[in-house]
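query.csv follows; it contains CSV, N, CA and C atoms.
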chain,number,residue,atom,x,y,z
A,1106,MET,N,-25.9,1.3,10.1
A,1106,MET,CA,-26.9,1.6,9.1
A,1106,MET,C,-27.6,2.9,9.5
A,1107,MET,N,-27.9,3.7,8.6
A,1107,MET,CA,-28.7,4.9,8.8
A,1107,MET,C,-29.9,4.9,8.0
A,1108,GLU,N,-31.0,5.5,8.5
A,1108,GLU,CA,-32.3,5.6,7.8
A,1108,GLU,C,-32.7,7.1,7.7
A,1109,TYR,N,-33.4,7.4,6.6
A,1109,TYR,CA,-33.9,8.7,6.4
A,1109,TYR,C,-35.0,8.7,5.3
A,1110,LYS,N,-36.2,9.1,5.6
A,1110,LYS,CA,-37.3,9.1,4.7
A,1110,LYS,C,-37.5,7.7,4.1
A,1111,GLY,N,-37.3,6.7,4.9
A,1111,GLY,CA,-37.5,5.3,4.4
A,1111,GLY,C,-36.3,4.8,3.6
A,1112,TYR,N,-35.3,5.6,3.3
A,1112,TYR,CA,-34.1,5.1,2.6
A,1112,TYR,C,-33.1,4.7,3.7
A,1113,ALA,N,-32.4,3.5,3.4
A,1113,ALA,CA,-31.4,3.0,4.3
A,1113,ALA,C,-30.0,3.1,3.7
A,1114,ALA,N,-29.0,3.4,4.5
A,1114,ALA,CA,-27.7,3.5,3.9
A,1114,ALA,C,-26.7,2.7,4.7
A,1115,SER,N,-25.8,2.1,4.0
A,1115,SER,CA,-24.7,1.3,4.7
A,1115,SER,C,-23.5,2.3,4.7
A,1116,VAL,N,-22.6,2.0,5.6
A,1116,VAL,CA,-21.4,2.9,5.8
A,1116,VAL,C,-20.1,2.0,5.9
A,1117,GLU,N,-19.1,2.5,5.2
A,1117,GLU,CA,-17.8,1.8,5.3
A,1117,GLU,C,-16.7,2.8,5.6
A,1118,PHE,N,-15.7,2.4,6.3
A,1118,PHE,CA,-14.6,3.3,6.7
A,1118,PHE,C,-13.4,3.0,5.8
A,1119,ASP,N,-12.8,4.0,5.2
A,1119,ASP,CA,-11.6,3.8,4.4
A,1119,ASP,C,-10.4,4.3,5.3
A,1120,GLY,N,-9.7,3.4,5.9
A,1120,GLY,CA,-8.6,3.7,6.8
A,1120,GLY,C,-7.5,4.5,6.1
A,1121,SER,N,-7.2,4.2,4.9
A,1121,SER,CA,-6.1,4.8,4.2
A,1121,SER,C,-6.4,6.3,3.9
A,1122,ALA,N,-7.6,6.7,3.7
A,1122,ALA,CA,-8.0,8.1,3.4
A,1122,ALA,C,-8.6,8.7,4.7
A,1123,GLU,N,-8.9,7.8,5.7
A,1123,GLU,CA,-9.6,8.3,6.9
A,1123,GLU,C,-10.9,9.0,6.6
A,1124,ILE,N,-11.7,8.3,5.9
A,1124,ILE,CA,-13.0,8.9,5.5
A,1124,ILE,C,-14.1,7.8,5.5
A,1125,LEU,N,-15.3,8.3,5.8
A,1125,LEU,CA,-16.5,7.4,5.8
A,1125,LEU,C,-17.2,7.5,4.5
A,1126,HIS,N,-17.5,6.4,3.9
A,1126,HIS,CA,-18.3,6.3,2.6
A,1126,HIS,C,-19.6,5.7,2.9
A,1127,GLY,N,-20.7,6.3,2.4
A,1127,GLY,CA,-22.0,5.7,2.5
A,1127,GLY,C,-22.7,5.6,1.2
A,1128,LYS,N,-23.7,4.6,1.1
A,1128,LYS,CA,-24.5,4.5,-0.1
A,1128,LYS,C,-25.9,4.0,0.3
A,1129,VAL,N,-26.9,4.4,-0.4
A,1129,VAL,CA,-28.3,4.0,-0.2
A,1129,VAL,C,-28.3,2.5,-0.7
A,1130,ILE,N,-28.9,1.6,0.1
A,1130,ILE,CA,-28.9,0.2,-0.2
A,1130,ILE,C,-30.2,-0.4,-0.4
A,1131,ASN,N,-31.3,0.3,-0.2
A,1131,ASN,CA,-32.6,-0.4,-0.2
A,1131,ASN,C,-33.5,0.0,-1.4
A,1132,THR,N,-32.8,0.3,-2.5
A,1132,THR,CA,-33.6,0.7,-3.7
A,1132,THR,C,-33.3,-0.1,-4.9
A,1133,GLY,N,-32.6,-1.2,-4.8
A,1133,GLY,CA,-32.3,-2.0,-5.9
A,1133,GLY,C,-30.8,-2.2,-6.1
A,1134,PRO,N,-30.3,-2.7,-7.2
A,1134,PRO,CA,-28.9,-3.0,-7.4
A,1134,PRO,C,-28.0,-1.8,-7.5
A,1135,TYR,N,-28.6,-0.6,-7.9
A,1135,TYR,CA,-27.8,0.6,-8.0
A,1135,TYR,C,-28.2,1.6,-7.0
A,1136,PRO,N,-27.3,2.1,-6.2
A,1136,PRO,CA,-27.7,3.1,-5.2
A,1136,PRO,C,-28.2,4.4,-5.8
A,1137,ILE,N,-29.2,5.0,-5.2
A,1137,ILE,CA,-29.7,6.3,-5.7
A,1137,ILE,C,-28.7,7.4,-5.3
A,1138,ALA,N,-27.9,7.1,-4.2
A,1138,ALA,CA,-27.0,8.2,-3.7
A,1138,ALA,C,-25.8,7.5,-3.0
A,1139,THR,N,-24.7,8.2,-3.2
A,1139,THR,CA,-23.5,7.9,-2.4
A,1139,THR,C,-23.0,9.2,-1.8
A,1140,PHE,N,-22.3,9.1,-0.7
A,1140,PHE,CA,-21.9,10.3,0.0
A,1140,PHE,C,-20.7,9.9,0.9
A,1141,GLU,N,-20.0,10.9,1.4
A,1141,GLU,CA,-18.8,10.7,2.2
A,1141,GLU,C,-18.6,11.9,3.2
A,1142,ALA,N,-17.9,11.6,4.3
A,1142,ALA,CA,-17.6,12.7,5.2
A,1142,ALA,C,-16.5,12.1,6.1
A,1143,VAL,N,-15.9,13.0,7.0
A,1143,VAL,CA,-14.8,12.7,7.9
A,1143,VAL,C,-15.3,12.3,9.2
A,1144,ASP,N,-16.6,12.5,9.6
A,1144,ASP,CA,-17.1,12.1,10.9
A,1144,ASP,C,-18.6,11.7,10.7
A,1145,VAL,N,-19.1,11.0,11.7
A,1145,VAL,CA,-20.5,10.5,11.7
A,1145,VAL,C,-21.5,11.6,11.5
A,1146,LYS,N,-21.4,12.7,12.3
A,1146,LYS,CA,-22.3,13.8,12.3
A,1146,LYS,C,-22.4,14.3,10.9
A,1147,ARG,N,-21.3,14.6,10.2
A,1147,ARG,CA,-21.3,15.1,8.9
A,1147,ARG,C,-21.8,14.1,7.9
A,1148,LEU,N,-21.5,12.8,8.1
A,1148,LEU,CA,-22.0,11.8,7.2
A,1148,LEU,C,-23.5,11.7,7.2
A,1149,ARG,N,-24.1,11.8,8.4
A,1149,ARG,CA,-25.6,11.8,8.4
A,1149,ARG,C,-26.1,13.0,7.6
A,1150,LYS,N,-25.5,14.2,7.8
A,1150,LYS,CA,-26.0,15.3,7.1
A,1150,LYS,C,-25.9,15.1,5.6
A,1151,GLU,N,-24.7,14.6,5.1
A,1151,GLU,CA,-24.5,14.3,3.7
A,1151,GLU,C,-25.5,13.3,3.2
A,1152,PHE,N,-25.8,12.3,4.0
A,1152,PHE,CA,-26.8,11.3,3.6
A,1152,PHE,C,-28.2,11.9,3.4
A,1153,GLU,N,-28.6,12.7,4.4
A,1153,GLU,CA,-29.9,13.4,4.3
A,1153,GLU,C,-29.9,14.4,3.1
A,1154,ARG,N,-28.8,15.1,2.9
A,1154,ARG,CA,-28.8,16.0,1.8
A,1154,ARG,C,-28.8,15.3,0.5
A,1155,SER,N,-28.2,14.2,0.4
A,1155,SER,CA,-28.1,13.4,-0.9
A,1155,SER,C,-29.5,12.9,-1.2
A,1156,VAL,N,-30.2,12.3,-0.2
A,1156,VAL,CA,-31.6,11.9,-0.4
A,1156,VAL,C,-32.5,13.0,-0.8
A,1157,ASP,N,-32.4,14.1,-0.1
A,1157,ASP,CA,-33.3,15.3,-0.5
A,1157,ASP,C,-33.0,15.8,-1.9
A,1158,GLU,N,-31.7,15.8,-2.3
A,1158,GLU,CA,-31.3,16.3,-3.6
A,1158,GLU,C,-31.9,15.3,-4.7
A,1159,TYR,N,-31.8,14.0,-4.4
A,1159,TYR,CA,-32.3,13.0,-5.3
A,1159,TYR,C,-33.8,13.2,-5.5
A,1160,LEU,N,-34.6,13.3,-4.4
A,1160,LEU,CA,-36.0,13.5,-4.5
A,1160,LEU,C,-36.4,14.8,-5.2
A,1161,THR,N,-35.6,15.9,-5.0
A,1161,THR,CA,-35.9,17.2,-5.7
A,1161,THR,C,-35.6,17.0,-7.1
A,1162,TRP,N,-34.5,16.4,-7.5
A,1162,TRP,CA,-34.2,16.1,-8.9
A,1162,TRP,C,-35.3,15.4,-9.6
A,1163,CYS,N,-35.8,14.3,-9.0
A,1163,CYS,CA,-36.8,13.5,-9.5
A,1163,CYS,C,-38.1,14.3,-9.8
A,1164,LYS,N,-38.4,15.2,-8.8
A,1164,LYS,CA,-39.6,16.0,-8.9
A,1164,LYS,C,-39.5,17.0,-10.0
A,1165,GLU,N,-38.3,17.7,-10.1
A,1165,GLU,CA,-38.1,18.7,-11.1
A,1165,GLU,C,-38.1,18.1,-12.5
A,1166,ASP,N,-37.6,16.9,-12.7
A,1166,ASP,CA,-37.5,16.2,-14.0
A,1166,ASP,C,-38.7,15.3,-14.3
A,1167,GLY,N,-39.6,15.3,-13.4
A,1167,GLY,CA,-40.8,14.4,-13.7
A,1167,GLY,C,-40.5,12.9,-13.7
A,1168,VAL,N,-39.5,12.6,-12.9
A,1168,VAL,CA,-39.1,11.2,-12.8
A,1168,VAL,C,-39.6,10.6,-11.5
A,1169,GLU,N,-40.2,9.3,-11.6
A,1169,GLU,CA,-40.6,8.7,-10.4
A,1169,GLU,C,-39.4,8.2,-9.6
A,1170,PRO,N,-39.3,8.6,-8.4
A,1170,PRO,CA,-38.1,8.2,-7.6
A,1170,PRO,C,-38.2,6.7,-7.3
A,1171,LYS,N,-37.0,6.1,-7.2
A,1171,LYS,CA,-37.0,4.7,-6.7
A,1171,LYS,C,-37.5,4.7,-5.3
A,1172,LYS,N,-38.4,3.8,-5.0
A,1172,LYS,CA,-38.9,3.7,-3.7
A,1172,LYS,C,-38.1,2.7,-2.9
A,1173,PRO,N,-38.0,2.9,-1.6
A,1173,PRO,CA,-37.3,1.9,-0.7
A,1173,PRO,C,-38.1,0.6,-0.8
A,1174,TYR,N,-37.5,-0.5,-0.5
A,1174,TYR,CA,-38.2,-1.8,-0.5
A,1174,TYR,C,-39.3,-1.7,0.5
A,1175,SER,N,-40.5,-2.3,0.1
A,1175,SER,CA,-41.7,-2.2,0.9
A,1175,SER,C,-41.7,-3.2,2.1
A,1176,GLY,N,-41.0,-4.3,1.9
A,1176,GLY,CA,-41.1,-5.4,2.9
A,1176,GLY,C,-42.0,-6.5,2.5
A,1177,LYS,N,-42.6,-6.3,1.3
A,1177,LYS,CA,-43.5,-7.3,0.7
A,1177,LYS,C,-42.8,-8.0,-0.4
A,1178,LEU,N,-42.9,-9.4,-0.4
A,1178,LEU,CA,-42.2,-10.1,-1.4
A,1178,LEU,C,-43.1,-11.3,-1.8
A,1179,ASN,N,-43.4,-11.5,-3.1
A,1179,ASN,CA,-44.2,-12.7,-3.5
A,1179,ASN,C,-43.2,-13.7,-4.0
A,1180,LEU,N,-43.4,-15.0,-3.6
A,1180,LEU,CA,-42.6,-16.1,-4.0
A,1180,LEU,C,-43.3,-17.1,-4.7
A,1181,ARG,N,-42.7,-17.8,-5.7
A,1181,ARG,CA,-43.2,-18.9,-6.3
A,1181,ARG,C,-42.4,-20.1,-5.9
A,1182,LEU,N,-42.9,-21.0,-5.0
A,1182,LEU,CA,-42.2,-22.0,-4.4
A,1182,LEU,C,-42.3,-23.4,-5.1
A,1183,GLY,N,-43.3,-23.5,-5.9
A,1183,GLY,CA,-43.6,-24.9,-6.4
A,1183,GLY,C,-44.4,-25.7,-5.3
A,1184,SER,N,-45.2,-26.6,-5.7
A,1184,SER,CA,-46.1,-27.3,-4.8
A,1184,SER,C,-45.3,-28.1,-3.8
A,1185,GLU,N,-44.2,-28.8,-4.2
A,1185,GLU,CA,-43.5,-29.6,-3.2
A,1185,GLU,C,-42.8,-28.8,-2.1
A,1186,LEU,N,-42.2,-27.7,-2.5
A,1186,LEU,CA,-41.5,-26.9,-1.5
A,1186,LEU,C,-42.6,-26.2,-0.6
A,1187,HIS,N,-43.7,-25.8,-1.2
A,1187,HIS,CA,-44.7,-25.1,-0.5
A,1187,HIS,C,-45.3,-26.1,0.6
A,1188,ALA,N,-45.5,-27.3,0.3
A,1188,ALA,CA,-46.0,-28.3,1.2
A,1188,ALA,C,-45.0,-28.5,2.3
A,1189,ALA,N,-43.7,-28.6,2.0
A,1189,ALA,CA,-42.6,-28.8,3.0
A,1189,ALA,C,-42.6,-27.6,4.0
A,1190,VAL,N,-42.6,-26.4,3.4
A,1190,VAL,CA,-42.6,-25.2,4.3
A,1190,VAL,C,-43.8,-25.2,5.2
A,1191,ALA,N,-45.0,-25.5,4.6
A,1191,ALA,CA,-46.2,-25.5,5.4
A,1191,ALA,C,-46.1,-26.5,6.6
A,1192,SER,N,-45.6,-27.7,6.3
A,1192,SER,CA,-45.4,-28.7,7.3
A,1192,SER,C,-44.4,-28.3,8.4
A,1193,ALA,N,-43.3,-27.7,8.0
A,1193,ALA,CA,-42.3,-27.2,8.9
A,1193,ALA,C,-42.9,-26.1,9.8
A,1194,ALA,N,-43.7,-25.2,9.2
A,1194,ALA,CA,-44.3,-24.1,10.0
A,1194,ALA,C,-45.3,-24.7,11.0
A,1195,MET,N,-46.1,-25.7,10.5
A,1195,MET,CA,-47.1,-26.3,11.4
A,1195,MET,C,-46.4,-27.0,12.6
A,1196,THR,N,-45.3,-27.7,12.3
A,1196,THR,CA,-44.6,-28.4,13.4
A,1196,THR,C,-44.1,-27.4,14.4
A,1197,GLU,N,-43.7,-26.2,14.0
A,1197,GLU,CA,-43.3,-25.2,15.0
A,1197,GLU,C,-44.4,-24.3,15.5
A,1198,ARG,N,-45.6,-24.6,15.0
A,1198,ARG,CA,-46.8,-23.9,15.5
A,1198,ARG,C,-46.8,-22.4,15.2
A,1199,VAL,N,-46.3,-22.0,14.0
A,1199,VAL,CA,-46.2,-20.7,13.5
A,1199,VAL,C,-46.8,-20.6,12.1
A,1200,SER,N,-47.0,-19.4,11.7
A,1200,SER,CA,-47.5,-19.2,10.3
A,1200,SER,C,-46.4,-19.4,9.3
A,1201,ILE,N,-46.8,-19.7,8.1
A,1201,ILE,CA,-45.8,-19.9,7.0
A,1201,ILE,C,-45.0,-18.6,6.9
A,1202,ASN,N,-45.6,-17.4,6.9
A,1202,ASN,CA,-44.9,-16.2,6.8
A,1202,ASN,C,-43.8,-16.0,8.0
A,1203,SER,N,-44.2,-16.3,9.2
A,1203,SER,CA,-43.3,-16.2,10.3
A,1203,SER,C,-42.1,-17.2,10.2
A,1204,TRP,N,-42.5,-18.4,9.7
A,1204,TRP,CA,-41.4,-19.4,9.6
A,1204,TRP,C,-40.4,-19.0,8.5
A,1205,ILE,N,-40.9,-18.5,7.4
A,1205,ILE,CA,-40.0,-18.0,6.3
A,1205,ILE,C,-39.2,-16.8,6.7
A,1206,VAL,N,-39.8,-15.9,7.4
A,1206,VAL,CA,-39.1,-14.7,7.9
A,1206,VAL,C,-37.9,-15.1,8.8
A,1207,ARG,N,-38.2,-16.0,9.8
A,1207,ARG,CA,-37.2,-16.5,10.7
A,1207,ARG,C,-36.0,-17.2,9.9
A,1208,ILE,N,-36.3,-18.0,9.0
A,1208,ILE,CA,-35.3,-18.7,8.2
A,1208,ILE,C,-34.5,-17.7,7.4
A,1209,LEU,N,-35.1,-16.8,6.8
A,1209,LEU,CA,-34.4,-15.8,6.0
A,1209,LEU,C,-33.5,-14.9,6.9
A,1210,ARG,N,-34.0,-14.5,8.0
A,1210,ARG,CA,-33.2,-13.7,8.9
A,1210,ARG,C,-32.0,-14.4,9.4
A,1211,GLN,N,-32.2,-15.7,9.8
A,1211,GLN,CA,-31.0,-16.5,10.2
A,1211,GLN,C,-30.0,-16.6,9.1
A,1212,THR,N,-30.5,-16.9,7.9
A,1212,THR,CA,-29.6,-17.1,6.7
A,1212,THR,C,-28.9,-15.8,6.4
A,1213,ALA,N,-29.5,-14.7,6.5
A,1213,ALA,CA,-28.9,-13.4,6.2
A,1213,ALA,C,-28.1,-12.9,7.3
A,1214,GLY,N,-28.0,-13.6,8.4
A,1214,GLY,CA,-27.2,-13.2,9.6
A,1214,GLY,C,-27.8,-12.0,10.4
A,1215,LEU,N,-29.1,-11.9,10.4
A,1215,LEU,CA,-29.8,-10.9,11.1
A,1215,LEU,C,-30.3,-11.5,12.4
A,1216,ALA,N,-30.6,-10.6,13.4
A,1216,ALA,CA,-31.2,-11.1,14.6
A,1216,ALA,C,-32.6,-11.7,14.4
A,1217,VAL,N,-32.9,-12.8,15.0
A,1217,VAL,CA,-34.2,-13.4,14.9
A,1217,VAL,C,-35.1,-12.9,16.0
A,1218,ASP,N,-36.2,-12.4,15.6
A,1218,ASP,CA,-37.2,-12.0,16.6
A,1218,ASP,C,-37.7,-13.2,17.4
A,1219,PRO,N,-37.9,-13.0,18.7
A,1219,PRO,CA,-38.4,-14.1,19.5
A,1219,PRO,C,-39.8,-14.6,19.1

Final structure tokens representation of the file:
Amino acid sequence: MMEYKGYAASVEFDGSAEILHGKVINTGPYPIATFEAVDVKRLRKEFERSVDEYLTWCKEDGVEPKKPYSGKLNLRLGSELHAAVASAAMTERVSINSWIVRILRQTAGLAVDP
């Protein structure tokens, strides 16, 4: 994964064409930019150029650019689930937020912070 100006990109390798493909992944269901190159150094440059071009286009056209995800998420759990989550967090002696973040990271296959 690559990051630039708060935007994150995923990268895939196309073995048949021997090319790297990237796309911005943290702005919603549709990427603001896609890019490709034959090596990592050029791919990073293309990623940064694509983000800069997107931001310039938005400014020139008076369009609000899609912002990268902020890391804040409001959830509606319902009272029964909220109580169960609170109980589980208390049992582990952590905050509800810390407990939810740990469970989500595990479920998403990400490293869990100690």

### Test item, helix (DSSP H, G or I) assignment across range 1127-1217 of chain A, answer as a ChimeraX atom specification
/A:1145-1166,1184-1196,1201-1212

Give me a file of those residues, with N, CA and C atoms, as a short mmCIF file (atom, residue, chain, number, x, y, z; two decimals), in the frame of the given file.
data_model
loop_
_atom_site.label_atom_id
_atom_site.label_comp_id
_atom_site.auth_asym_id
_atom_site.auth_seq_id
_atom_site.Cartn_x
_atom_site.Cartn_y
_atom_site.Cartn_z
N VAL A 1145 -19.10 11.00 11.70
CA VAL A 1145 -20.50 10.50 11.70
C VAL A 1145 -21.50 11.60 11.50
N LYS A 1146 -21.40 12.70 12.30
CA LYS A 1146 -22.30 13.80 12.30
C LYS A 1146 -22.40 14.30 10.90
N ARG A 1147 -21.30 14.60 10.20
CA ARG A 1147 -21.30 15.10 8.90
C ARG A 1147 -21.80 14.10 7.90
N LEU A 1148 -21.50 12.80 8.10
CA LEU A 1148 -22.00 11.80 7.20
C LEU A 1148 -23.50 11.70 7.20
N ARG A 1149 -24.10 11.80 8.40
CA ARG A 1149 -25.60 11.80 8.40
C ARG A 1149 -26.10 13.00 7.60
N LYS A 1150 -25.50 14.20 7.80
CA LYS A 1150 -26.00 15.30 7.10
C LYS A 1150 -25.90 15.10 5.60
N GLU A 1151 -24.70 14.60 5.10
CA GLU A 1151 -24.50 14.30 3.70
C GLU A 1151 -25.50 13.30 3.20
N PHE A 1152 -25.80 12.30 4.00
CA PHE A 1152 -26.80 11.30 3.60
C PHE A 1152 -28.20 11.90 3.40
N GLU A 1153 -28.60 12.70 4.40
CA GLU A 1153 -29.90 13.40 4.30
C GLU A 1153 -29.90 14.40 3.10
N ARG A 1154 -28.80 15.10 2.90
CA ARG A 1154 -28.80 16.00 1.80
C ARG A 1154 -28.80 15.30 0.50
N SER A 1155 -28.20 14.20 0.40
CA SER A 1155 -28.10 13.40 -0.90
C SER A 1155 -29.50 12.90 -1.20
N VAL A 1156 -30.20 12.30 -0.20
CA VAL A 1156 -31.60 11.90 -0.40
C VAL A 1156 -32.50 13.00 -0.80
N ASP A 1157 -32.40 14.10 -0.10
CA ASP A 1157 -33.30 15.30 -0.50
C ASP A 1157 -33.00 15.80 -1.90
N GLU A 1158 -31.70 15.80 -2.30
CA GLU A 1158 -31.30 16.30 -3.60
C GLU A 1158 -31.90 15.30 -4.70
N TYR A 1159 -31.80 14.00 -4.40
CA TYR A 1159 -32.30 13.00 -5.30
C TYR A 1159 -33.80 13.20 -5.50
N LEU A 1160 -34.60 13.30 -4.40
CA LEU A 1160 -36.00 13.50 -4.50
C LEU A 1160 -36.40 14.80 -5.20
N THR A 1161 -35.60 15.90 -5.00
CA THR A 1161 -35.90 17.20 -5.70
C THR A 1161 -35.60 17.00 -7.10
N TRP A 1162 -34.50 16.40 -7.50
CA TRP A 1162 -34.20 16.10 -8.90
C TRP A 1162 -35.30 15.40 -9.60
N CYS A 1163 -35.80 14.30 -9.00
CA CYS A 1163 -36.80 13.50 -9.50
C CYS A 1163 -38.10 14.30 -9.80
N LYS A 1164 -38.40 15.20 -8.80
CA LYS A 1164 -39.60 16.00 -8.90
C LYS A 1164 -39.50 17.00 -10.00
N GLU A 1165 -38.30 17.70 -10.10
CA GLU A 1165 -38.10 18.70 -11.10
C GLU A 1165 -38.10 18.10 -12.50
N ASP A 1166 -37.60 16.90 -12.70
CA ASP A 1166 -37.50 16.20 -14.00
C ASP A 1166 -38.70 15.30 -14.30
N SER A 1184 -45.20 -26.60 -5.70
CA SER A 1184 -46.10 -27.30 -4.80
C SER A 1184 -45.30 -28.10 -3.80
N GLU A 1185 -44.20 -28.80 -4.20
CA GLU A 1185 -43.50 -29.60 -3.20
C GLU A 1185 -42.80 -28.80 -2.10
N LEU A 1186 -42.20 -27.70 -2.50
CA LEU A 1186 -41.50 -26.90 -1.50
C LEU A 1186 -42.60 -26.20 -0.60
N HIS A 1187 -43.70 -25.80 -1.20
CA HIS A 1187 -44.70 -25.10 -0.50
C HIS A 1187 -45.30 -26.10 0.60
N ALA A 1188 -45.50 -27.30 0.30
CA ALA A 1188 -46.00 -28.30 1.20
C ALA A 1188 -45.00 -28.50 2.30
N ALA A 1189 -43.70 -28.60 2.00
CA ALA A 1189 -42.60 -28.80 3.00
C ALA A 1189 -42.60 -27.60 4.00
N VAL A 1190 -42.60 -26.40 3.40
CA VAL A 1190 -42.60 -25.20 4.30
C VAL A 1190 -43.80 -25.20 5.20
N ALA A 1191 -45.00 -25.50 4.60
CA ALA A 1191 -46.20 -25.50 5.40
C ALA A 1191 -46.10 -26.50 6.60
N SER A 1192 -45.60 -27.70 6.30
CA SER A 1192 -45.40 -28.70 7.30
C SER A 1192 -44.40 -28.30 8.40
N ALA A 1193 -43.30 -27.70 8.00
CA ALA A 1193 -42.30 -27.20 8.90
C ALA A 1193 -42.90 -26.10 9.80
N ALA A 1194 -43.70 -25.20 9.20
CA ALA A 1194 -44.30 -24.10 10.00
C ALA A 1194 -45.30 -24.70 11.00
N MET A 1195 -46.10 -25.70 10.50
CA MET A 1195 -47.10 -26.30 11.40
C MET A 1195 -46.40 -27.00 12.60
N THR A 1196 -45.30 -27.70 12.30
CA THR A 1196 -44.60 -28.40 13.40
C THR A 1196 -44.10 -27.40 14.40
N ILE A 1201 -46.80 -19.70 8.10
CA ILE A 1201 -45.80 -19.90 7.00
C ILE A 1201 -45.00 -18.60 6.90
N ASN A 1202 -45.60 -17.40 6.90
CA ASN A 1202 -44.90 -16.20 6.80
C ASN A 1202 -43.80 -16.00 8.00
N SER A 1203 -44.20 -16.30 9.20
CA SER A 1203 -43.30 -16.20 10.30
C SER A 1203 -42.10 -17.20 10.20
N TRP A 1204 -42.50 -18.40 9.70
CA TRP A 1204 -41.40 -19.40 9.60
C TRP A 1204 -40.40 -19.00 8.50
N ILE A 1205 -40.90 -18.50 7.40
CA ILE A 1205 -40.00 -18.00 6.30
C ILE A 1205 -39.20 -16.80 6.70
N VAL A 1206 -39.80 -15.90 7.40
CA VAL A 1206 -39.10 -14.70 7.90
C VAL A 1206 -37.90 -15.10 8.80
N ARG A 1207 -38.20 -16.00 9.80
CA ARG A 1207 -37.20 -16.50 10.70
C ARG A 1207 -36.00 -17.20 9.90
N ILE A 1208 -36.30 -18.00 9.00
CA ILE A 1208 -35.30 -18.70 8.20
C ILE A 1208 -34.50 -17.70 7.40
N LEU A 1209 -35.10 -16.80 6.80
CA LEU A 1209 -34.40 -15.80 6.00
C LEU A 1209 -33.50 -14.90 6.90
N ARG A 1210 -34.00 -14.50 8.00
CA ARG A 1210 -33.20 -13.70 8.90
C ARG A 1210 -32.00 -14.40 9.40
N GLN A 1211 -32.20 -15.70 9.80
CA GLN A 1211 -31.00 -16.50 10.20
C GLN A 1211 -30.00 -16.60 9.10
N THR A 1212 -30.50 -16.90 7.90
CA THR A 1212 -29.60 -17.10 6.70
C THR A 1212 -28.90 -15.80 6.40
#

### Query
Distance CA of Trp1204 in chain A-CA of Asn1131 in chain A, one decimal place?
23.1 Å

### Message
I want to know what sits within 12 Å of Ser1203 in chain A, based on only C-alpha atoms, with residues of the same chain fewer than 3 positions away left out; could you give that as JSON, numbers by chain?
### Response
{"A": [1190, 1191, 1193, 1194, 1195, 1197, 1198, 1199, 1200, 1206, 1207, 1208, 1209, 1210, 1217, 1218, 1219]}

Same residues, N, CA and C atoms, output as a short mmCIF file (atom, residue, chain, number, x, y, z; two decimals), keeping the file's coordinate frame:
data_model
loop_
_atom_site.label_atom_id
_atom_site.label_comp_id
_atom_site.auth_asym_id
_atom_site.auth_seq_id
_atom_site.Cartn_x
_atom_site.Cartn_y
_atom_site.Cartn_z
N VAL A 1190 -42.60 -26.40 3.40
CA VAL A 1190 -42.60 -25.20 4.30
C VAL A 1190 -43.80 -25.20 5.20
N ALA A 1191 -45.00 -25.50 4.60
CA ALA A 1191 -46.20 -25.50 5.40
C ALA A 1191 -46.10 -26.50 6.60
N ALA A 1193 -43.30 -27.70 8.00
CA ALA A 1193 -42.30 -27.20 8.90
C ALA A 1193 -42.90 -26.10 9.80
N ALA A 1194 -43.70 -25.20 9.20
CA ALA A 1194 -44.30 -24.10 10.00
C ALA A 1194 -45.30 -24.70 11.00
N MET A 1195 -46.10 -25.70 10.50
CA MET A 1195 -47.10 -26.30 11.40
C MET A 1195 -46.40 -27.00 12.60
N GLU A 1197 -43.70 -26.20 14.00
CA GLU A 1197 -43.30 -25.20 15.00
C GLU A 1197 -44.40 -24.30 15.50
N ARG A 1198 -45.60 -24.60 15.00
CA ARG A 1198 -46.80 -23.90 15.50
C ARG A 1198 -46.80 -22.40 15.20
N VAL A 1199 -46.30 -22.00 14.00
CA VAL A 1199 -46.20 -20.70 13.50
C VAL A 1199 -46.80 -20.60 12.10
N SER A 1200 -47.00 -19.40 11.70
CA SER A 1200 -47.50 -19.20 10.30
C SER A 1200 -46.40 -19.40 9.30
N VAL A 1206 -39.80 -15.90 7.40
CA VAL A 1206 -39.10 -14.70 7.90
C VAL A 1206 -37.90 -15.10 8.80
N ARG A 1207 -38.20 -16.00 9.80
CA ARG A 1207 -37.20 -16.50 10.70
C ARG A 1207 -36.00 -17.20 9.90
N ILE A 1208 -36.30 -18.00 9.00
CA ILE A 1208 -35.30 -18.70 8.20
C ILE A 1208 -34.50 -17.70 7.40
N LEU A 1209 -35.10 -16.80 6.80
CA LEU A 1209 -34.40 -15.80 6.00
C LEU A 1209 -33.50 -14.90 6.90
N ARG A 1210 -34.00 -14.50 8.00
CA ARG A 1210 -33.20 -13.70 8.90
C ARG A 1210 -32.00 -14.40 9.40
N VAL A 1217 -32.90 -12.80 15.00
CA VAL A 1217 -34.20 -13.40 14.90
C VAL A 1217 -35.10 -12.90 16.00
N ASP A 1218 -36.20 -12.40 15.60
CA ASP A 1218 -37.20 -12.00 16.60
C ASP A 1218 -37.70 -13.20 17.40
N PRO A 1219 -37.90 -13.00 18.70
CA PRO A 1219 -38.40 -14.10 19.50
C PRO A 1219 -39.80 -14.60 19.10
#

### Query
Which distance in Å separates atom C of Ile1124 in chain A and CA of Val1143 in chain A, to one decimal?
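These atoms are spaced 5.5 Å apart.
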
### Query
Do you have the CA of Asn1179 in chain A-CA of Met1106 in chain A distance handy?
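CA of Asn1179 in chain A sits 25.7 Å away from CA of Met1106 in chain A.
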
### Message
My list of candidates is A:Asp1144, A:Trp1162, A:Glu1153, A:Ala1122. Which is closest to Glu1108 in chain A when distances are computed with all atoms listed in the file?
### Response
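Using all atoms listed in the file, Glu1108 in chain A sits closest to A:Glu1153.
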
### Message
Taking 2 positions as the minimum chain separation for residues in the same chain, which residues sit within 12 Å of Leu1160 in chain A when counting only C-alpha atoms? Answer as a list in words.
### Response
Lys1110, Tyr1112, Ile1137, Ala1138, Glu1153, Arg1154, Ser1155, Val1156, Asp1157, Glu1158, Trp1162, Cys1163, Lys1164, Glu1165, Asp1166, Gly1167, Val1168, Glu1169, Pro1170, Lys1171 and Lys1172 of chain A
